[in-house]
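*Asks:* Dropping the structure in here first, questions after.
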There are 2 protein chains.
Amino acid sequence: MKFIHTADWHLGKLVHGVYMTENQREVLNQFVEVVREEEPDAVIIAGDLYDRSVPPTDAVELLDEMLFKINVELKIPIVAIAGNHDSAERLSFGSSWYKHSQFYLAGKLSNHFEPVRINGVNFYLLPYAEPGVVRQLLEDDSIHSHQDAMKAMIGKIEETIHPNEPNVLVGHAFVLGGQTSDSERILSVGGSGCVGVELFEPFSYTALGHLHSPDAIHHDKVKYSGSLLKYSFSESKQKKSISIIEMDEKGNFTHRYRSLHPAHDMREIEGYMEQLLDPQFYEKEKTDDYLKITLLDEGALIDPINKLRQVYPNVLHLERKIDLTDMKKKQTISGARSEKKSEIELFEQFYTEMTTSEFTDDKKAVMTEIFEKVLRGEALVK
Amino acid sequence: MKFIHTADWHLGKLVHGVYMTENQREVLNQFVEVVREEEPDAVIIAGDLYDRSVPPTDAVELLDEMLFKINVELKIPIVAIAGNHDSAERLSFGSSWYKHSQFYLAGKLSNHFEPVRINGVNFYLLPYAEPGVVRQLLEDDSIHSHQDAMKAMIGKIEETIHPNEPNVLVGHAFVLGGQTSDSERILSVGGSGCVGVELFEPFSYTALGHLHSPDAIHHDKVKYSGSLLKYSFSESKQKKSISIIEMDEKGNFTHRYRSLHPAHDMREIEGYMEQLLDPQFYEKEKTDDYLKITLLDEGALIDPINKLRQVYPNVLHLERKIDLTDMKKKQTISGARSEKKSEIELFEQFYTEMTTSEFTDDKKAVMTEIFEKVLRGEALVK
């Protein structure tokens, strides 16, 4: 039995104010071609199909189109769950009808823990759910963390599991040992979002979503597929892929990767203005990639972003590295996580990443006033 | 061939700040019972399934549940189109899968004008679309109004229609001669939203949505079913129903109504405080209906709404009629359409109808300041 494991499509995602939908369409078309070639018995999508609970309509149309190609045109069963970015209720709409053609979509967690059986393999679907939701559903007041919730759900599954059959868990969680990147929204504060890898012991394979790197965890049976595309510069060095698993009737499996090749990579480059704008340099570069550029120049520069965009149309982020005394110290125009930022800088970063419009001085003035009032403890409304 | 014609469910509707979802659930359960009794060959829903493009999640779950009962459990085909309140794209998601079980959902208008054929009757589905969308789709620059658009689409249908077969059009439009009520959002300004009834001549029956009264038009072959519930006080005297049509192979049909009985009616009552609060009066009333109360008292009244709500918990709207000189003149606390209102009064009315929170003095102060600035021509952002 062969299946493809993918996750974290994040359709409708904005990266630094740019919609990724066209890139997602292009790479999903490649994905469909891989599915056509591989002819798997199932495609597994382990959550975060969309980037937000109410995705833009073109993301809705894109998902519909791609799932239709795979499930209806190619007649390949699909097993999909909601992630923390999806709206469980909105994604669930219509799922009763999809089963007809072996498209199994678990949006909302239910307390039926029966598997979906495809070609002799049992797939257990655990869509993302907050611990509070699991506590209510299972009527178990001892559930407080994601660890508690996952343990309780797997406990329910174990009541009826056939240990001698091949069993696959499909889940969306932050499994301990995984490495995070900037584009994975934090599940919970204070570590309670983490889930121990040992919980997945009962399964032949655990197909995870949430962390965006296929290397996020090193375990022989518990794996992230990684996201469809790079969704932040902290992922720029990751290799994105999908996983092809072939499993025998005992649950033993082989695992290999296949890469997709987006037209625009997401990369970081660094150099002096003069060098970056020199044809000798950029002729060797793929100039239309999504770029984070770090400038090494010292002193004032006039309108560097627009000069750079004439050569590199998709610069998403510009930083400067400035030499202070002996030590190189990085001054971030926007972006790096580790530095202490003011509220207004954090808001600007958030605004720029979440919208397609510019954070003008006017807008900044309004927000600055609000932040000042809040910090002074004043009521916002007179 | 028997089918049920309904429309304008408006799931997720807020009426004067109160969500109608529970009332909708209750009356849709009655609807499902009628479907079970009547055993029609199809259920037609002529648009405005939801009240807004992004409905609340409990409205999404309610629609899913009701359509599942009708289509999957009772195995009755469903023919549904998007109305002007629905998001064509969002509603369309998954519709390719629904066809398996004869659930035909047209969200976005397509340029395939083939009918859905059920038990010998051809159903032509025309979801709501703006004239500009139809102009683009049909590549016809002469289309400017809804009349032009409908004429062009019906022209397309006529190219392949079999005039000797029973043909039913399912549409969502403001057909001329129809009477409007407050809860039907205006399609267009200046009358260009209207469509002439003569356009529907080629069809044995035209199943319309948009106007909320089943009496909105008097025509032997072109009919509105009316909305599921009363959605504004201007509809309080309307009788809500669903239409049962039985059609022979020549397209001749009989038409009858069946009523649904919501637990809470929407009614207007009028009287003096003392009278309305007198048990002798209200014992005969259904006090938990949704009420618009018009008070006849003169002079100051202390907190009338809260006193009234102790007897009539679902007062949605309170007006006073005040005697001025000889002539009775109506002073509206909020609501009546014909009177001249200030911007802030209009905004308050809008706010109260569209949200579930109170329009406090604080909020009023903020909006007043904004209106004043706008009226003085000042920039809002410094």
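Here, A, B, ... name the chains of the structure tokens in the order displayed, residue numbers run from 1 inside each chain, and ligands are numbered from 1 in the same displayed order.
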Give me the residues near Pro313 (chain A) as an NGL selection string, where near means some atom within 10 Å (using only C-alpha atoms) and where sequence neighbours in that chain fewer than 2 positions away do not count.

*Replies:* :A and (287-291 or 305-311 or 315-316)

*Asks:* Wanna dump the chain B-chain A contacts at 10 Å for me, each residue with its shortest atom pair and the distance in Å to one decimal, counting only C-alpha atoms, ordered by chain and number, as JSON lines?

*Replies:*
{"residue": "B:Val54", "atom": "CA", "partner": "A:Val54", "partner_atom": "CA", "distance": 7.6}
{"residue": "B:Pro55", "atom": "CA", "partner": "A:Arg90", "partner_atom": "CA", "distance": 9.5}
{"residue": "B:Pro56", "atom": "CA", "partner": "A:Arg90", "partner_atom": "CA", "distance": 9.1}
{"residue": "B:Thr57", "atom": "CA", "partner": "A:Glu89", "partner_atom": "CA", "distance": 6.0}
{"residue": "B:Asp58", "atom": "CA", "partner": "A:Glu89", "partner_atom": "CA", "distance": 7.9}
{"residue": "B:Ala59", "atom": "CA", "partner": "A:Arg90", "partner_atom": "CA", "distance": 9.8}
{"residue": "B:Val60", "atom": "CA", "partner": "A:Arg90", "partner_atom": "CA", "distance": 6.5}
{"residue": "B:Glu61", "atom": "CA", "partner": "A:Glu89", "partner_atom": "CA", "distance": 6.7}
{"residue": "B:Leu62", "atom": "CA", "partner": "A:Phe93", "partner_atom": "CA", "distance": 9.6}
{"residue": "B:Leu63", "atom": "CA", "partner": "A:Phe93", "partner_atom": "CA", "distance": 8.4}
{"residue": "B:Asp64", "atom": "CA", "partner": "A:Phe93", "partner_atom": "CA", "distance": 5.7}
{"residue": "B:Glu65", "atom": "CA", "partner": "A:Phe93", "partner_atom": "CA", "distance": 8.8}
{"residue": "B:Leu67", "atom": "CA", "partner": "A:Gly94", "partner_atom": "CA", "distance": 9.0}
{"residue": "B:Phe68", "atom": "CA", "partner": "A:Ser96", "partner_atom": "CA", "distance": 7.5}
{"residue": "B:Asn71", "atom": "CA", "partner": "A:Trp97", "partner_atom": "CA", "distance": 9.5}
{"residue": "B:Val72", "atom": "CA", "partner": "A:Trp97", "partner_atom": "CA", "distance": 8.0}
{"residue": "B:Ser87", "atom": "CA", "partner": "A:Thr57", "partner_atom": "CA", "distance": 8.6}
{"residue": "B:Ala88", "atom": "CA", "partner": "A:Thr57", "partner_atom": "CA", "distance": 9.1}
{"residue": "B:Glu89", "atom": "CA", "partner": "A:Thr57", "partner_atom": "CA", "distance": 6.0}
{"residue": "B:Arg90", "atom": "CA", "partner": "A:Thr57", "partner_atom": "CA", "distance": 6.4}
{"residue": "B:Leu91", "atom": "CA", "partner": "A:Val60", "partner_atom": "CA", "distance": 9.7}
{"residue": "B:Ser92", "atom": "CA", "partner": "A:Glu61", "partner_atom": "CA", "distance": 8.2}
{"residue": "B:Phe93", "atom": "CA", "partner": "A:Asp64", "partner_atom": "CA", "distance": 5.7}
{"residue": "B:Gly94", "atom": "CA", "partner": "A:Asp64", "partner_atom": "CA", "distance": 6.2}
{"residue": "B:Ser95", "atom": "CA", "partner": "A:Gly94", "partner_atom": "CA", "distance": 8.6}
{"residue": "B:Ser96", "atom": "CA", "partner": "A:Phe68", "partner_atom": "CA", "distance": 7.5}
{"residue": "B:Trp97", "atom": "CA", "partner": "A:Tyr98", "partner_atom": "CA", "distance": 5.8}
{"residue": "B:Tyr98", "atom": "CA", "partner": "A:Trp97", "partner_atom": "CA", "distance": 5.8}
{"residue": "B:Lys99", "atom": "CA", "partner": "A:Trp97", "partner_atom": "CA", "distance": 9.0}
{"residue": "B:His100", "atom": "CA", "partner": "A:His100", "partner_atom": "CA", "distance": 7.4}
{"residue": "B:Ser101", "atom": "CA", "partner": "A:Trp97", "partner_atom": "CA", "distance": 7.7}
{"residue": "B:Phe103", "atom": "CA", "partner": "A:Trp97", "partner_atom": "CA", "distance": 9.3}
{"residue": "B:Asp361", "atom": "CA", "partner": "A:Lys382", "partner_atom": "CA", "distance": 9.2}
{"residue": "B:Asp362", "atom": "CA", "partner": "A:Val381", "partner_atom": "CA", "distance": 5.9}
{"residue": "B:Lys363", "atom": "CA", "partner": "A:Val381", "partner_atom": "CA", "distance": 7.2}
{"residue": "B:Lys364", "atom": "CA", "partner": "A:Val381", "partner_atom": "CA", "distance": 9.8}
{"residue": "B:Ala365", "atom": "CA", "partner": "A:Lys382", "partner_atom": "CA", "distance": 7.1}
{"residue": "B:Val366", "atom": "CA", "partner": "A:Val381", "partner_atom": "CA", "distance": 6.8}
{"residue": "B:Leu380", "atom": "CA", "partner": "A:Asp362", "partner_atom": "CA", "distance": 9.5}
{"residue": "B:Val381", "atom": "CA", "partner": "A:Asp362", "partner_atom": "CA", "distance": 5.9}
{"residue": "B:Lys382", "atom": "CA", "partner": "A:Asp362", "partner_atom": "CA", "distance": 6.2}

*Asks:* Mind dumping the selected residues with N, CA and C atoms as a short mmCIF file (atom, residue, chain, number, x, y, z; two decimals), in the first residue's frame?

*Replies:*
data_model
loop_
_atom_site.label_atom_id
_atom_site.label_comp_id
_atom_site.auth_asym_id
_atom_site.auth_seq_id
_atom_site.Cartn_x
_atom_site.Cartn_y
_atom_site.Cartn_z
N VAL B 54 -19.61 35.53 4.60
CA VAL B 54 -18.93 34.72 5.62
C VAL B 54 -19.89 34.57 6.80
N PRO B 55 -20.73 33.53 6.76
CA PRO B 55 -21.71 33.36 7.82
C PRO B 55 -21.05 32.84 9.10
N PRO B 56 -21.71 33.01 10.25
CA PRO B 56 -21.17 32.45 11.49
C PRO B 56 -21.05 30.93 11.38
N THR B 57 -20.12 30.35 12.13
CA THR B 57 -19.89 28.90 11.98
C THR B 57 -21.12 28.08 12.35
N ASP B 58 -21.96 28.55 13.26
CA ASP B 58 -23.13 27.71 13.58
C ASP B 58 -24.15 27.72 12.45
N ALA B 59 -24.15 28.77 11.62
CA ALA B 59 -25.00 28.77 10.43
C ALA B 59 -24.46 27.77 9.40
N VAL B 60 -23.14 27.70 9.28
CA VAL B 60 -22.50 26.75 8.37
C VAL B 60 -22.85 25.32 8.79
N GLU B 61 -22.78 25.07 10.09
CA GLU B 61 -23.10 23.73 10.58
C GLU B 61 -24.57 23.40 10.39
N LEU B 62 -25.43 24.41 10.57
CA LEU B 62 -26.87 24.19 10.41
C LEU B 62 -27.21 23.84 8.96
N LEU B 63 -26.64 24.56 8.02
CA LEU B 63 -26.94 24.27 6.61
C LEU B 63 -26.46 22.87 6.25
N ASP B 64 -25.25 22.54 6.68
CA ASP B 64 -24.69 21.22 6.40
C ASP B 64 -25.62 20.12 6.93
N GLU B 65 -26.08 20.31 8.15
CA GLU B 65 -26.91 19.32 8.82
C GLU B 65 -28.26 19.14 8.10
N LEU B 67 -29.14 20.01 4.93
CA LEU B 67 -29.00 19.47 3.58
C LEU B 67 -28.66 17.98 3.64
N PHE B 68 -27.89 17.60 4.64
CA PHE B 68 -27.55 16.19 4.82
C PHE B 68 -28.81 15.37 5.09
N ASN B 71 -30.87 15.35 1.69
CA ASN B 71 -30.25 14.73 0.52
C ASN B 71 -29.71 13.34 0.80
N VAL B 72 -29.07 13.14 1.94
CA VAL B 72 -28.41 11.86 2.21
C VAL B 72 -29.34 10.93 2.97
N SER B 87 -21.80 34.06 -0.75
CA SER B 87 -20.56 34.17 -1.51
C SER B 87 -20.56 33.04 -2.52
N ALA B 88 -20.61 33.39 -3.80
CA ALA B 88 -20.66 32.38 -4.86
C ALA B 88 -19.50 31.39 -4.72
N GLU B 89 -18.29 31.92 -4.49
CA GLU B 89 -17.10 31.07 -4.44
C GLU B 89 -17.11 30.17 -3.20
N ARG B 90 -17.42 30.75 -2.06
CA ARG B 90 -17.39 29.94 -0.83
C ARG B 90 -18.47 28.86 -0.86
N LEU B 91 -19.65 29.23 -1.38
CA LEU B 91 -20.74 28.26 -1.42
C LEU B 91 -20.41 27.14 -2.41
N SER B 92 -19.66 27.46 -3.46
CA SER B 92 -19.36 26.48 -4.51
C SER B 92 -18.46 25.35 -4.03
N PHE B 93 -17.65 25.60 -3.00
CA PHE B 93 -16.66 24.60 -2.59
C PHE B 93 -17.33 23.24 -2.41
N GLY B 94 -16.77 22.24 -3.05
CA GLY B 94 -17.25 20.87 -2.87
C GLY B 94 -18.41 20.48 -3.76
N SER B 95 -18.93 21.44 -4.56
CA SER B 95 -20.17 21.11 -5.27
C SER B 95 -19.99 19.98 -6.28
N SER B 96 -18.76 19.78 -6.76
CA SER B 96 -18.52 18.66 -7.68
C SER B 96 -18.81 17.32 -7.00
N TRP B 97 -18.56 17.26 -5.70
CA TRP B 97 -18.79 16.01 -4.98
C TRP B 97 -20.26 15.77 -4.69
N TYR B 98 -21.00 16.87 -4.53
CA TYR B 98 -22.41 16.74 -4.12
C TYR B 98 -23.26 16.07 -5.20
N LYS B 99 -22.83 16.23 -6.45
CA LYS B 99 -23.64 15.71 -7.57
C LYS B 99 -23.86 14.20 -7.48
N HIS B 100 -22.88 13.50 -6.91
CA HIS B 100 -23.01 12.05 -6.69
C HIS B 100 -24.37 11.67 -6.18
N SER B 101 -24.84 12.46 -5.20
CA SER B 101 -26.10 12.09 -4.56
C SER B 101 -27.20 13.06 -4.99
N PHE B 103 -27.27 16.29 -5.41
CA PHE B 103 -27.37 17.60 -4.78
C PHE B 103 -26.66 18.55 -5.75
N ASP B 361 -22.92 55.07 24.86
CA ASP B 361 -22.62 56.50 24.73
C ASP B 361 -21.17 56.72 24.30
N ASP B 362 -20.27 55.89 24.82
CA ASP B 362 -18.85 55.98 24.43
C ASP B 362 -18.69 55.80 22.93
N LYS B 363 -19.34 54.75 22.42
CA LYS B 363 -19.24 54.47 20.98
C LYS B 363 -19.86 55.62 20.18
N LYS B 364 -20.96 56.12 20.71
CA LYS B 364 -21.66 57.21 20.04
C LYS B 364 -20.75 58.44 19.95
N ALA B 365 -20.01 58.70 21.04
CA ALA B 365 -19.13 59.87 21.07
C ALA B 365 -18.05 59.73 20.00
N VAL B 366 -17.48 58.53 19.89
CA VAL B 366 -16.44 58.29 18.89
C VAL B 366 -16.99 58.54 17.48
N LEU B 380 -9.24 62.26 8.60
CA LEU B 380 -9.47 61.51 9.83
C LEU B 380 -8.16 61.15 10.51
N VAL B 381 -7.13 61.05 9.73
CA VAL B 381 -5.85 60.60 10.27
C VAL B 381 -4.89 61.77 10.24
N LYS B 382 -4.32 62.04 11.41
CA LYS B 382 -3.43 63.21 11.44
C LYS B 382 -2.06 62.89 10.88
#

*Asks:* Please provide the set of residues having any atom within 8 Å of Pro127 (chain A), restricted to only C-alpha atoms, with same-chain residues fewer than 4 positions apart removed, written as a VMD selection string.

*Replies:* chain A and resid 47 81 to 83 106 to 109 170 to 172

*Asks:* Do a neighbour search on Phe113 (chain B) at 9 Å with only C-alpha atoms, toss out local chain neighbours closer than 5 positions, and write the hits as a list of chain:residue names.

*Replies:* B:Tyr124, B:Leu125, B:Leu126, B:Met153, B:Ile154, B:Lys156, B:Ile157, B:Thr160

*Asks:* Using only C-alpha atoms, which protein or nucleic acid residues come within 8 Å of Lys13 (chain A)? Drop anything in the same chain fewer than 4 positions from it, and give the result as a ChimeraX atom specification.

*Replies:* /A:19-21,50-52

*Asks:* Go ahead and dump the residues you just picked, all heavy atoms, as a PDB file, in the first residue's frame.

*Replies:*
ATOM      1  N   TYR A  19       0.552  37.795  -1.495  1.00  0.00           N
ATOM      2  CA  TYR A  19      -0.234  36.562  -1.518  1.00  0.00           C
ATOM      3  C   TYR A  19       0.525  35.465  -2.241  1.00  0.00           C
ATOM      4  O   TYR A  19       1.036  35.676  -3.343  1.00  0.00           O
ATOM      5  CB  TYR A  19      -1.583  36.777  -2.219  1.00  0.00           C
ATOM      6  CG  TYR A  19      -2.636  37.269  -1.280  1.00  0.00           C
ATOM      7  CD1 TYR A  19      -3.157  38.553  -1.399  1.00  0.00           C
ATOM      8  CD2 TYR A  19      -3.108  36.457  -0.250  1.00  0.00           C
ATOM      9  CE1 TYR A  19      -4.123  39.014  -0.511  1.00  0.00           C
ATOM     10  CE2 TYR A  19      -4.066  36.909   0.639  1.00  0.00           C
ATOM     11  CZ  TYR A  19      -4.569  38.187   0.501  1.00  0.00           C
ATOM     12  OH  TYR A  19      -5.513  38.647   1.376  1.00  0.00           O
ATOM     13  N   MET A  20       0.563  34.285  -1.642  1.00  0.00           N
ATOM     14  CA  MET A  20       1.299  33.160  -2.216  1.00  0.00           C
ATOM     15  C   MET A  20       0.412  32.315  -3.132  1.00  0.00           C
ATOM     16  O   MET A  20       0.855  31.268  -3.623  1.00  0.00           O
ATOM     17  CB  MET A  20       1.841  32.273  -1.081  1.00  0.00           C
ATOM     18  CG  MET A  20       2.974  32.901  -0.280  1.00  0.00           C
ATOM     19  SD  MET A  20       4.503  33.025  -1.281  1.00  0.00           S
ATOM     20  CE  MET A  20       4.790  34.802  -1.191  1.00  0.00           C
ATOM     21  N   THR A  21      -0.835  32.740  -3.361  1.00  0.00           N
ATOM     22  CA  THR A  21      -1.795  31.851  -4.019  1.00  0.00           C
ATOM     23  C   THR A  21      -1.327  31.360  -5.390  1.00  0.00           C
ATOM     24  O   THR A  21      -1.461  30.174  -5.705  1.00  0.00           O
ATOM     25  CB  THR A  21      -3.179  32.530  -4.131  1.00  0.00           C
ATOM     26  OG1 THR A  21      -3.447  33.199  -2.884  1.00  0.00           O
ATOM     27  CG2 THR A  21      -4.269  31.522  -4.390  1.00  0.00           C
ATOM     28  N   TYR A  50      -5.672  25.519   4.757  1.00  0.00           N
ATOM     29  CA  TYR A  50      -5.726  26.972   4.581  1.00  0.00           C
ATOM     30  C   TYR A  50      -4.804  27.634   5.608  1.00  0.00           C
ATOM     31  O   TYR A  50      -4.453  27.039   6.623  1.00  0.00           O
ATOM     32  CB  TYR A  50      -7.143  27.478   4.815  1.00  0.00           C
ATOM     33  CG  TYR A  50      -8.173  27.068   3.790  1.00  0.00           C
ATOM     34  CD1 TYR A  50      -9.327  26.413   4.179  1.00  0.00           C
ATOM     35  CD2 TYR A  50      -8.017  27.376   2.449  1.00  0.00           C
ATOM     36  CE1 TYR A  50     -10.311  26.065   3.252  1.00  0.00           C
ATOM     37  CE2 TYR A  50      -8.990  27.027   1.514  1.00  0.00           C
ATOM     38  CZ  TYR A  50     -10.127  26.373   1.931  1.00  0.00           C
ATOM     39  OH  TYR A  50     -11.095  26.041   1.020  1.00  0.00           O
ATOM     40  N   ASP A  51      -4.529  28.905   5.345  1.00  0.00           N
ATOM     41  CA  ASP A  51      -3.714  29.656   6.290  1.00  0.00           C
ATOM     42  C   ASP A  51      -4.534  30.345   7.365  1.00  0.00           C
ATOM     43  O   ASP A  51      -3.995  30.809   8.355  1.00  0.00           O
ATOM     44  CB  ASP A  51      -2.879  30.699   5.540  1.00  0.00           C
ATOM     45  CG  ASP A  51      -1.855  31.344   6.458  1.00  0.00           C
ATOM     46  OD1 ASP A  51      -1.043  30.582   7.016  1.00  0.00           O
ATOM     47  OD2 ASP A  51      -1.878  32.573   6.644  1.00  0.00           O
ATOM     48  N   ARG A  52      -5.851  30.486   7.136  1.00  0.00           N
ATOM     49  CA  ARG A  52      -6.677  31.174   8.123  1.00  0.00           C
ATOM     50  C   ARG A  52      -8.100  30.645   8.080  1.00  0.00           C
ATOM     51  O   ARG A  52      -8.509  30.006   7.112  1.00  0.00           O
ATOM     52  CB  ARG A  52      -6.670  32.684   7.870  1.00  0.00           C
ATOM     53  CG  ARG A  52      -6.977  33.054   6.438  1.00  0.00           C
ATOM     54  CD  ARG A  52      -6.913  34.545   6.212  1.00  0.00           C
ATOM     55  NE  ARG A  52      -5.549  34.989   6.018  1.00  0.00           N
ATOM     56  CZ  ARG A  52      -5.199  36.271   5.806  1.00  0.00           C
ATOM     57  NH1 ARG A  52      -6.117  37.203   5.813  1.00  0.00           N
ATOM     58  NH2 ARG A  52      -3.952  36.601   5.603  1.00  0.00           N
TER      59      ARG A  52
END

*Asks:* CA of Asn23 (chain A) and CA of Gln238 (chain A), how far apart in Å?

*Replies:*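 Those two atoms sit 17.3 Å apart.
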
*Asks:* Please list as a PyMOL selection string every residue within 12 Å of Asn252 (chain B), counting only C-alpha atoms and excluding residues in the same chain fewer than 5 positions away.

*Replies:* chain B and resi 1-2+121+164-168+203-205+220-221+245-247

*Asks:* Could those residues be written to a file, using C-alpha atoms, as a CSV table (one decimal), in the first residue's frame?

*Replies:*
chain,number,residue,atom,x,y,z
B,1,MET,CA,-43.1,15.1,-10.8
B,2,LYS,CA,-43.4,16.8,-7.5
B,121,VAL,CA,-38.1,17.9,-15.7
B,164,ASN,CA,-42.1,20.6,-25.4
B,165,GLU,CA,-40.5,19.4,-22.2
B,166,PRO,CA,-41.3,20.7,-18.8
B,167,ASN,CA,-38.6,23.4,-18.1
B,168,VAL,CA,-38.1,25.1,-14.8
B,203,PHE,CA,-40.4,28.3,-18.8
B,204,SER,CA,-43.2,26.1,-17.5
B,205,TYR,CA,-42.4,27.4,-14.0
B,220,ASP,CA,-49.4,32.1,-13.1
B,221,LYS,CA,-46.0,30.7,-13.9
B,245,ILE,CA,-45.6,22.0,-7.2
B,246,GLU,CA,-46.7,18.9,-9.1
B,247,MET,CA,-45.9,19.0,-12.8

*Asks:* Which residues in region 90-268 of chain B does DSSP call alpha helix (DSSP H)? List them as a VMD selection string.

*Replies:* chain B and resid 90 to 92 95 to 98 131 to 138 146 to 158

*Asks:* Using only C-alpha atoms, which residue out of A:Lys151, A:Glu33, A:Leu228, A:His5 lies closest to Arg135 (chain A)?

*Replies:*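 Closest to Arg135 (chain A), using only C-alpha atoms: A:Lys151.
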
*Asks:* Taking the backbone alone, and naming residues the way the document does, which bits of region 86-314 of chain B are strand (DSSP E) by DSSP, as a ChimeraX atom specification?

*Replies:* /B:103-106,116-118,121-126,167-172,174-175,194-195,205-209,222-224,241-247,253-259,266-271,290-295

*Asks:* Skip Glu348 (chain B) itself and residues of its chain fewer than 2 positions away, then list as a PDB file with N, CA and C atoms, in the first residue's frame all residues within 10 Å of it, counting only C-alpha atoms.

*Replies:*
ATOM      1  N   SER B 334     -36.350  54.222  16.925  1.00  0.00           N
ATOM      2  CA  SER B 334     -35.444  53.724  15.890  1.00  0.00           C
ATOM      3  C   SER B 334     -36.295  52.982  14.895  1.00  0.00           C
ATOM      4  N   SER B 342     -30.452  61.673  11.199  1.00  0.00           N
ATOM      5  CA  SER B 342     -29.072  62.155  11.183  1.00  0.00           C
ATOM      6  C   SER B 342     -28.157  60.966  10.906  1.00  0.00           C
ATOM      7  N   GLU B 343     -26.926  61.261  10.511  1.00  0.00           N
ATOM      8  CA  GLU B 343     -25.953  60.198  10.243  1.00  0.00           C
ATOM      9  C   GLU B 343     -25.793  59.297  11.467  1.00  0.00           C
ATOM     10  N   ILE B 344     -25.736  59.943  12.640  1.00  0.00           N
ATOM     11  CA  ILE B 344     -25.469  59.141  13.834  1.00  0.00           C
ATOM     12  C   ILE B 344     -26.655  58.231  14.144  1.00  0.00           C
ATOM     13  N   GLU B 345     -27.872  58.698  13.871  1.00  0.00           N
ATOM     14  CA  GLU B 345     -29.043  57.845  14.093  1.00  0.00           C
ATOM     15  C   GLU B 345     -29.063  56.671  13.119  1.00  0.00           C
ATOM     16  N   LEU B 346     -28.728  56.977  11.877  1.00  0.00           N
ATOM     17  CA  LEU B 346     -28.674  55.899  10.885  1.00  0.00           C
ATOM     18  C   LEU B 346     -27.607  54.884  11.258  1.00  0.00           C
ATOM     19  N   PHE B 350     -27.984  50.912  12.119  1.00  0.00           N
ATOM     20  CA  PHE B 350     -27.179  49.922  11.409  1.00  0.00           C
ATOM     21  C   PHE B 350     -26.396  49.060  12.407  1.00  0.00           C
ATOM     22  N   TYR B 351     -25.754  49.724  13.364  1.00  0.00           N
ATOM     23  CA  TYR B 351     -24.919  49.034  14.349  1.00  0.00           C
ATOM     24  C   TYR B 351     -25.755  48.045  15.161  1.00  0.00           C
ATOM     25  N   THR B 352     -26.929  48.505  15.568  1.00  0.00           N
ATOM     26  CA  THR B 352     -27.784  47.662  16.407  1.00  0.00           C
ATOM     27  C   THR B 352     -28.308  46.461  15.629  1.00  0.00           C
ATOM     28  N   GLU B 353     -28.556  46.685  14.329  1.00  0.00           N
ATOM     29  CA  GLU B 353     -29.073  45.572  13.542  1.00  0.00           C
ATOM     30  C   GLU B 353     -27.991  44.587  13.138  1.00  0.00           C
ATOM     31  N   MET B 354     -26.752  45.065  13.012  1.00  0.00           N
ATOM     32  CA  MET B 354     -25.697  44.211  12.475  1.00  0.00           C
ATOM     33  C   MET B 354     -24.827  43.568  13.547  1.00  0.00           C
ATOM     34  N   GLU B 358     -24.291  46.526  22.402  1.00  0.00           N
ATOM     35  CA  GLU B 358     -25.037  47.764  22.575  1.00  0.00           C
ATOM     36  C   GLU B 358     -24.275  48.941  21.979  1.00  0.00           C
ATOM     37  N   PHE B 359     -24.984  49.905  21.456  1.00  0.00           N
ATOM     38  CA  PHE B 359     -24.354  51.123  20.943  1.00  0.00           C
ATOM     39  C   PHE B 359     -24.275  52.123  22.097  1.00  0.00           C
ATOM     40  N   THR B 360     -23.208  52.008  22.881  1.00  0.00           N
ATOM     41  CA  THR B 360     -23.078  52.787  24.121  1.00  0.00           C
ATOM     42  C   THR B 360     -22.807  54.258  23.823  1.00  0.00           C
ATOM     43  N   LYS B 363     -19.341  54.755  22.420  1.00  0.00           N
ATOM     44  CA  LYS B 363     -19.241  54.474  20.982  1.00  0.00           C
ATOM     45  C   LYS B 363     -19.856  55.622  20.183  1.00  0.00           C
ATOM     46  N   LYS B 364     -20.965  56.121  20.706  1.00  0.00           N
ATOM     47  CA  LYS B 364     -21.660  57.212  20.043  1.00  0.00           C
ATOM     48  C   LYS B 364     -20.750  58.439  19.951  1.00  0.00           C
ATOM     49  N   MET B 367     -18.172  57.968  17.223  1.00  0.00           N
ATOM     50  CA  MET B 367     -18.736  58.098  15.879  1.00  0.00           C
ATOM     51  C   MET B 367     -19.153  59.535  15.583  1.00  0.00           C
TER      52      MET B 367
END

*Asks:* Between CA of Lys292 (chain B) and CA of Gly271 (chain B), what is the spacing in Å?

*Replies:* 11.3 Å
